[in-house]
$ cat protein05.cif   # mmCIF, N, CA and C atoms and all ligand atoms
data_query
loop_
_atom_site.label_atom_id
_atom_site.label_comp_id
_atom_site.auth_asym_id
_atom_site.auth_seq_id
_atom_site.Cartn_x
_atom_site.Cartn_y
_atom_site.Cartn_z
N MET M 1 144.23 120.49 137.21
CA MET M 1 142.89 120.91 136.90
C MET M 1 142.86 121.41 135.46
N ARG M 2 141.91 120.94 134.72
CA ARG M 2 141.82 121.37 133.33
C ARG M 2 140.51 122.10 133.12
N LEU M 3 140.61 123.39 132.91
CA LEU M 3 139.40 124.18 132.69
C LEU M 3 139.49 124.87 131.34
N LYS M 4 138.34 124.99 130.73
CA LYS M 4 138.29 125.64 129.42
C LYS M 4 138.82 127.08 129.52
N HIS M 5 138.45 127.76 130.64
CA HIS M 5 138.81 129.17 130.78
C HIS M 5 140.04 129.38 131.66
N SER M 6 140.61 128.30 132.19
CA SER M 6 141.64 128.46 133.20
C SER M 6 142.77 129.39 132.78
N THR M 7 143.11 130.28 133.73
CA THR M 7 144.20 131.22 133.47
C THR M 7 145.47 130.78 134.20
N GLY M 8 145.36 129.73 135.00
CA GLY M 8 146.52 129.23 135.73
C GLY M 8 146.68 129.85 137.11
N ASN M 9 145.72 130.67 137.52
CA ASN M 9 145.83 131.31 138.84
C ASN M 9 145.90 130.29 139.97
N THR M 10 144.99 129.32 139.95
CA THR M 10 144.95 128.32 141.02
C THR M 10 146.23 127.50 141.03
N LYS M 11 146.71 127.15 139.86
CA LYS M 11 147.95 126.37 139.75
C LYS M 11 149.12 127.16 140.34
N ARG M 12 149.20 128.43 140.01
CA ARG M 12 150.31 129.25 140.53
C ARG M 12 150.25 129.37 142.06
N LEU M 13 149.03 129.55 142.57
CA LEU M 13 148.88 129.64 144.03
C LEU M 13 149.26 128.32 144.69
N ALA M 14 148.79 127.21 144.12
CA ALA M 14 149.10 125.88 144.68
C ALA M 14 150.60 125.64 144.67
N GLU M 15 151.25 126.03 143.59
CA GLU M 15 152.70 125.81 143.50
C GLU M 15 153.46 126.68 144.50
N ALA M 16 152.98 127.90 144.72
CA ALA M 16 153.64 128.77 145.70
C ALA M 16 153.52 128.19 147.10
N MET M 17 152.32 127.67 147.43
CA MET M 17 152.11 127.06 148.74
C MET M 17 152.95 125.80 148.88
N ALA M 18 152.94 124.98 147.85
CA ALA M 18 153.68 123.71 147.89
C ALA M 18 155.17 123.96 148.06
N LYS M 19 155.68 124.97 147.37
CA LYS M 19 157.12 125.28 147.48
C LYS M 19 157.47 125.63 148.92
N GLU M 20 156.63 126.45 149.54
CA GLU M 20 156.88 126.86 150.92
C GLU M 20 156.81 125.67 151.87
N LEU M 21 155.90 124.74 151.60
CA LEU M 21 155.72 123.58 152.47
C LEU M 21 156.67 122.43 152.14
N GLY M 22 157.38 122.55 151.03
CA GLY M 22 158.31 121.49 150.64
C GLY M 22 157.61 120.24 150.15
N VAL M 23 156.46 120.42 149.50
CA VAL M 23 155.73 119.29 148.93
C VAL M 23 155.45 119.62 147.46
N GLU M 24 154.84 118.64 146.78
CA GLU M 24 154.54 118.84 145.37
C GLU M 24 153.05 119.18 145.20
N ALA M 25 152.77 120.17 144.37
CA ALA M 25 151.37 120.47 144.04
C ALA M 25 150.95 119.54 142.91
N LEU M 26 149.88 118.80 143.15
CA LEU M 26 149.46 117.81 142.17
C LEU M 26 148.10 118.16 141.57
N PRO M 27 147.88 117.79 140.32
CA PRO M 27 146.57 118.03 139.70
C PRO M 27 145.53 117.04 140.22
N LEU M 28 144.27 117.35 140.02
CA LEU M 28 143.20 116.46 140.48
C LEU M 28 143.31 115.07 139.87
N THR M 29 143.95 114.99 138.74
CA THR M 29 144.06 113.70 138.06
C THR M 29 145.02 112.75 138.77
N SER M 30 145.80 113.27 139.72
CA SER M 30 146.69 112.41 140.50
C SER M 30 145.92 111.81 141.66
N PRO M 31 145.77 110.49 141.71
CA PRO M 31 145.01 109.89 142.81
C PRO M 31 145.74 110.04 144.14
N ILE M 32 144.98 110.11 145.23
CA ILE M 32 145.58 110.13 146.56
C ILE M 32 145.83 108.67 146.92
N THR M 33 147.10 108.32 147.10
CA THR M 33 147.44 106.91 147.29
C THR M 33 147.81 106.57 148.72
N GLU M 34 147.92 107.59 149.57
CA GLU M 34 148.27 107.32 150.97
C GLU M 34 147.56 108.34 151.86
N PRO M 35 147.40 108.01 153.14
CA PRO M 35 146.72 108.96 154.04
C PRO M 35 147.46 110.30 154.08
N VAL M 36 146.72 111.36 154.14
CA VAL M 36 147.34 112.68 154.26
C VAL M 36 146.79 113.36 155.51
N ASP M 37 147.63 114.18 156.14
CA ASP M 37 147.19 114.91 157.32
C ASP M 37 146.32 116.10 156.92
N ILE M 38 146.77 116.82 155.91
CA ILE M 38 146.04 118.00 155.45
C ILE M 38 146.01 117.98 153.93
N LEU M 39 144.84 118.22 153.37
CA LEU M 39 144.71 118.31 151.92
C LEU M 39 144.27 119.73 151.57
N PHE M 40 145.12 120.44 150.85
CA PHE M 40 144.75 121.77 150.35
C PHE M 40 144.16 121.55 148.96
N LEU M 41 142.94 121.97 148.77
CA LEU M 41 142.28 121.78 147.49
C LEU M 41 142.00 123.14 146.87
N GLY M 42 142.68 123.42 145.78
CA GLY M 42 142.49 124.70 145.09
C GLY M 42 141.33 124.62 144.13
N ASN M 43 140.66 125.73 143.96
CA ASN M 43 139.48 125.74 143.10
C ASN M 43 139.20 127.17 142.63
N SER M 44 138.75 127.32 141.42
CA SER M 44 138.34 128.63 140.94
C SER M 44 136.84 128.59 140.62
N TYR M 45 136.26 129.77 140.52
CA TYR M 45 134.83 129.88 140.21
C TYR M 45 134.64 130.40 138.80
N TYR M 46 133.75 129.79 138.08
CA TYR M 46 133.40 130.30 136.76
C TYR M 46 131.89 130.31 136.66
N ALA M 47 131.35 131.48 136.37
CA ALA M 47 129.89 131.64 136.23
C ALA M 47 129.16 131.07 137.45
N PHE M 48 129.62 131.47 138.62
CA PHE M 48 128.97 131.15 139.90
C PHE M 48 128.97 129.67 140.26
N THR M 49 129.86 128.90 139.70
CA THR M 49 129.91 127.49 140.06
C THR M 49 131.35 126.98 140.01
N ILE M 50 131.58 125.85 140.65
CA ILE M 50 132.91 125.27 140.61
C ILE M 50 132.97 124.25 139.47
N ASP M 51 134.19 123.94 139.10
CA ASP M 51 134.42 123.00 138.02
C ASP M 51 133.82 121.63 138.37
N PRO M 52 133.06 121.04 137.47
CA PRO M 52 132.49 119.71 137.74
C PRO M 52 133.57 118.69 138.11
N GLU M 53 134.77 118.89 137.60
CA GLU M 53 135.87 117.97 137.91
C GLU M 53 136.22 118.04 139.40
N VAL M 54 136.10 119.25 139.96
CA VAL M 54 136.37 119.42 141.39
C VAL M 54 135.26 118.74 142.21
N ARG M 55 134.03 118.92 141.76
CA ARG M 55 132.89 118.26 142.43
C ARG M 55 133.08 116.74 142.44
N THR M 56 133.48 116.21 141.31
CA THR M 56 133.67 114.76 141.19
C THR M 56 134.78 114.30 142.12
N PHE M 57 135.85 115.09 142.18
CA PHE M 57 136.97 114.74 143.06
C PHE M 57 136.52 114.70 144.51
N ILE M 58 135.80 115.72 144.94
CA ILE M 58 135.33 115.77 146.33
C ILE M 58 134.42 114.58 146.62
N ALA M 59 133.54 114.29 145.68
CA ALA M 59 132.61 113.16 145.87
C ALA M 59 133.36 111.84 145.93
N SER M 60 134.53 111.79 145.30
CA SER M 60 135.29 110.54 145.25
C SER M 60 136.04 110.25 146.55
N LEU M 61 136.15 111.27 147.41
CA LEU M 61 136.86 111.06 148.67
C LEU M 61 136.01 110.17 149.56
N SER M 62 136.52 109.00 149.86
CA SER M 62 135.73 108.07 150.67
C SER M 62 135.73 108.50 152.13
N LYS M 63 134.77 108.00 152.86
CA LYS M 63 134.60 108.40 154.26
C LYS M 63 135.86 108.16 155.09
N ASP M 64 136.62 107.10 154.77
CA ASP M 64 137.81 106.83 155.57
C ASP M 64 138.93 107.81 155.26
N LYS M 65 138.79 108.57 154.16
CA LYS M 65 139.80 109.58 153.84
C LYS M 65 139.40 110.94 154.40
N VAL M 66 138.13 111.09 154.75
CA VAL M 66 137.66 112.37 155.27
C VAL M 66 137.21 112.17 156.70
N GLY M 67 138.07 112.51 157.65
CA GLY M 67 137.74 112.30 159.05
C GLY M 67 137.20 113.56 159.67
N LYS M 68 136.71 113.42 160.87
CA LYS M 68 136.29 114.59 161.63
C LYS M 68 137.50 115.12 162.36
N PRO M 69 137.60 116.45 162.51
CA PRO M 69 138.78 117.00 163.19
C PRO M 69 138.85 116.57 164.65
N ASP M 70 140.03 116.13 165.08
CA ASP M 70 140.21 115.84 166.49
C ASP M 70 140.86 117.07 167.15
N ASN M 71 141.18 116.96 168.43
CA ASN M 71 141.72 118.12 169.15
C ASN M 71 143.03 118.61 168.53
N GLU M 72 143.84 117.69 168.05
CA GLU M 72 145.10 118.07 167.42
C GLU M 72 144.85 118.84 166.12
N ASP M 73 143.85 118.42 165.36
CA ASP M 73 143.48 119.13 164.12
C ASP M 73 143.01 120.55 164.45
N LEU M 74 142.19 120.66 165.50
CA LEU M 74 141.66 121.98 165.87
C LEU M 74 142.78 122.90 166.35
N ARG M 75 143.72 122.32 167.13
CA ARG M 75 144.86 123.13 167.59
C ARG M 75 145.69 123.60 166.39
N ALA M 76 145.94 122.71 165.44
CA ALA M 76 146.74 123.05 164.26
C ALA M 76 146.02 124.12 163.41
N ALA M 77 144.70 124.00 163.30
CA ALA M 77 143.94 124.98 162.51
C ALA M 77 144.00 126.35 163.18
N ALA M 78 143.89 126.36 164.52
CA ALA M 78 143.94 127.62 165.25
C ALA M 78 145.33 128.25 165.12
N GLU M 79 146.36 127.42 165.18
CA GLU M 79 147.74 127.90 165.04
C GLU M 79 147.96 128.49 163.65
N PHE M 80 147.41 127.80 162.64
CA PHE M 80 147.52 128.27 161.26
C PHE M 80 146.85 129.64 161.13
N ALA M 81 145.63 129.76 161.68
CA ALA M 81 144.90 131.02 161.59
C ALA M 81 145.64 132.13 162.33
N ALA M 82 146.23 131.77 163.48
CA ALA M 82 146.92 132.78 164.30
C ALA M 82 148.14 133.34 163.58
N SER M 83 148.70 132.56 162.65
CA SER M 83 149.89 133.03 161.94
C SER M 83 149.56 134.21 161.03
N TYR M 84 148.27 134.48 160.84
CA TYR M 84 147.86 135.60 159.99
C TYR M 84 147.41 136.82 160.80
N LYS M 85 147.57 136.77 162.14
CA LYS M 85 147.17 137.92 162.96
C LYS M 85 148.04 139.11 162.66
C1 LIG A 1 134.70 133.88 132.30
C2 LIG A 1 135.01 133.99 133.79
C3 LIG A 1 133.99 133.79 134.71
C4 LIG A 1 134.24 133.92 136.11
N1 LIG A 1 133.22 133.75 137.00
C5 LIG A 1 133.45 133.92 138.33
C6 LIG A 1 132.40 133.75 139.29
O1 LIG A 1 131.27 133.46 138.96
N2 LIG A 1 132.70 133.95 140.61
C7 LIG A 1 133.96 134.29 141.02
O2 LIG A 1 134.16 134.50 142.23
N3 LIG A 1 134.99 134.43 140.13
C8 LIG A 1 134.76 134.25 138.81
N4 LIG A 1 135.80 134.38 137.91
C9 LIG A 1 137.14 134.67 138.41
C10 LIG A 1 138.01 133.40 138.45
O3 LIG A 1 137.47 132.43 139.34
C11 LIG A 1 139.42 133.80 138.94
O4 LIG A 1 140.01 134.62 137.96
C12 LIG A 1 140.29 132.62 139.25
O5 LIG A 1 141.47 133.10 139.87
C13 LIG A 1 140.65 131.82 138.00
O6 LIG A 1 141.47 130.74 138.41
P1 LIG A 1 142.09 129.68 137.38
O7 LIG A 1 142.96 130.46 136.43
O8 LIG A 1 142.89 128.73 138.22
O9 LIG A 1 140.96 129.00 136.69
C14 LIG A 1 135.56 134.26 136.54
C15 LIG A 1 136.57 134.45 135.58
C16 LIG A 1 136.31 134.32 134.23
C17 LIG A 1 137.43 134.54 133.22
#
$ encode --input "protein05.cif" --output "structure tokens" --more "lines below"
Ligand SMILES: Cc1cc2nc3c(=O)[nH]c(=O)nc-3n(C[C@H](O)[C@H](O)[C@H](O)COP(=O)(O)O)c2cc1C
Amino acid sequence: MRLKHSTGNTKRLAEAMAKELGVEALPLTSPITEPVDILFLGNSYYAFTIDPEVRTFIASLSKDKVGKPDNEDLRAAAEFAASYK
């Protein structure tokens, strides 16, 4: 993510999460080339809005890449949330 004001907070958070998950944190400029189970999308707010680059990225996700959650997705989301109890 390239922002005029960026302080690197989002990048540091993404890298910390990626390290724990054993995956690589990639910038928005890296295209998604294969199906993913979960996409963590980091974003910061500046002057009450998100970066236009993030908006463009979200808009670029085609319908076949953005599915509706099935029962397994809901179970995994609940398990993830429960880990913070
Ligand atoms: C000039 C400026 C404007 C900001 N505006 C907002 C805002 O409108 N809403 C908000 O929640 N945070 C705002 N923030 C806080 C940033 O979103 C926050 O510091 C974020 O962690 C920056 O992440 P980044 O370094 O990855 O860009 C602002 C920060 C700065 C420096």
$ select_by_dssp --input "protein05.cif" --residues "chain M" --states "strand (DSSP E)" --output "PyMOL selection string"
chain M and resi 45-46+49-50
$ atom_distance --input "protein05.cif" --atom1 "atom CA of Ala14 of chain M" --atom2 "atom CA of Leu26 of chain M"
8.5 Å
$ axis_aligned_box --input "protein05.cif" --around "segment 21-32 of chain M" --padding-each-side "4 Å" --output "JSON"
{"center_x": 150.8, "center_y": 116.7, "center_z": 145.3, "size_x": 23.1, "size_y": 24.1, "size_z": 22.4}
$ residues_near_ligand --input "protein05.cif" --ligand "ligand LIG 1 (chain A)" --cutoff "6 Å" --atoms "only N, CA and C atoms and all ligand atoms" --output "MDAnalysis selection string"
chainID M and resid 5:11 43:49
$ atom_distance --input "protein05.cif" --atom1 "atom N of Ile58 of chain M" --atom2 "atom CA of Val36 of chain M"
15.1 Å
$ residues_around --input "protein05.cif" --residues "Glu15 of chain M" --least-positions-apart "3" --cutoff "12 Å" --atoms "only C-alpha atoms" --output "list in words"
Gly8, Asn9, Thr10, Lys11, Arg12, Ala18, Lys19, Glu20, Leu21, Gly22, Val23, Glu24, Ala25, Leu26, Pro27, Phe40, Leu41 and Gly42 of chain M
$ residues_around --input "protein05.cif" --residues "Phe80 of chain M" --least-positions-apart "6" --cutoff "12 Å" --atoms "only C-alpha atoms" --output "ChimeraX atom specification"
/M:38,73-74
$ closest_residue --input "protein05.cif" --among "M:Ala81, M:Pro69, M:Phe57, M:Ala76" --to "Ser30 of chain M" --atoms "only C-alpha atoms"
M:Phe57
$ atom_distance --input "protein05.cif" --atom1 "atom C of Asp51 of chain M" --atom2 "atom N of Gly67 of chain M"
21.7 Å
$ select_by_dssp --input "protein05.cif" --residues "chain M" --states "helix (DSSP H, G or I)" --output "PyMOL selection string"
chain M and resi 9-21+52-60+71-82
$ closest_residue --input "protein05.cif" --among "M:Thr29, M:Ala77, M:Lys68, M:Leu13" --to "Thr56 of chain M" --atoms "only C-alpha atoms"
M:Thr29
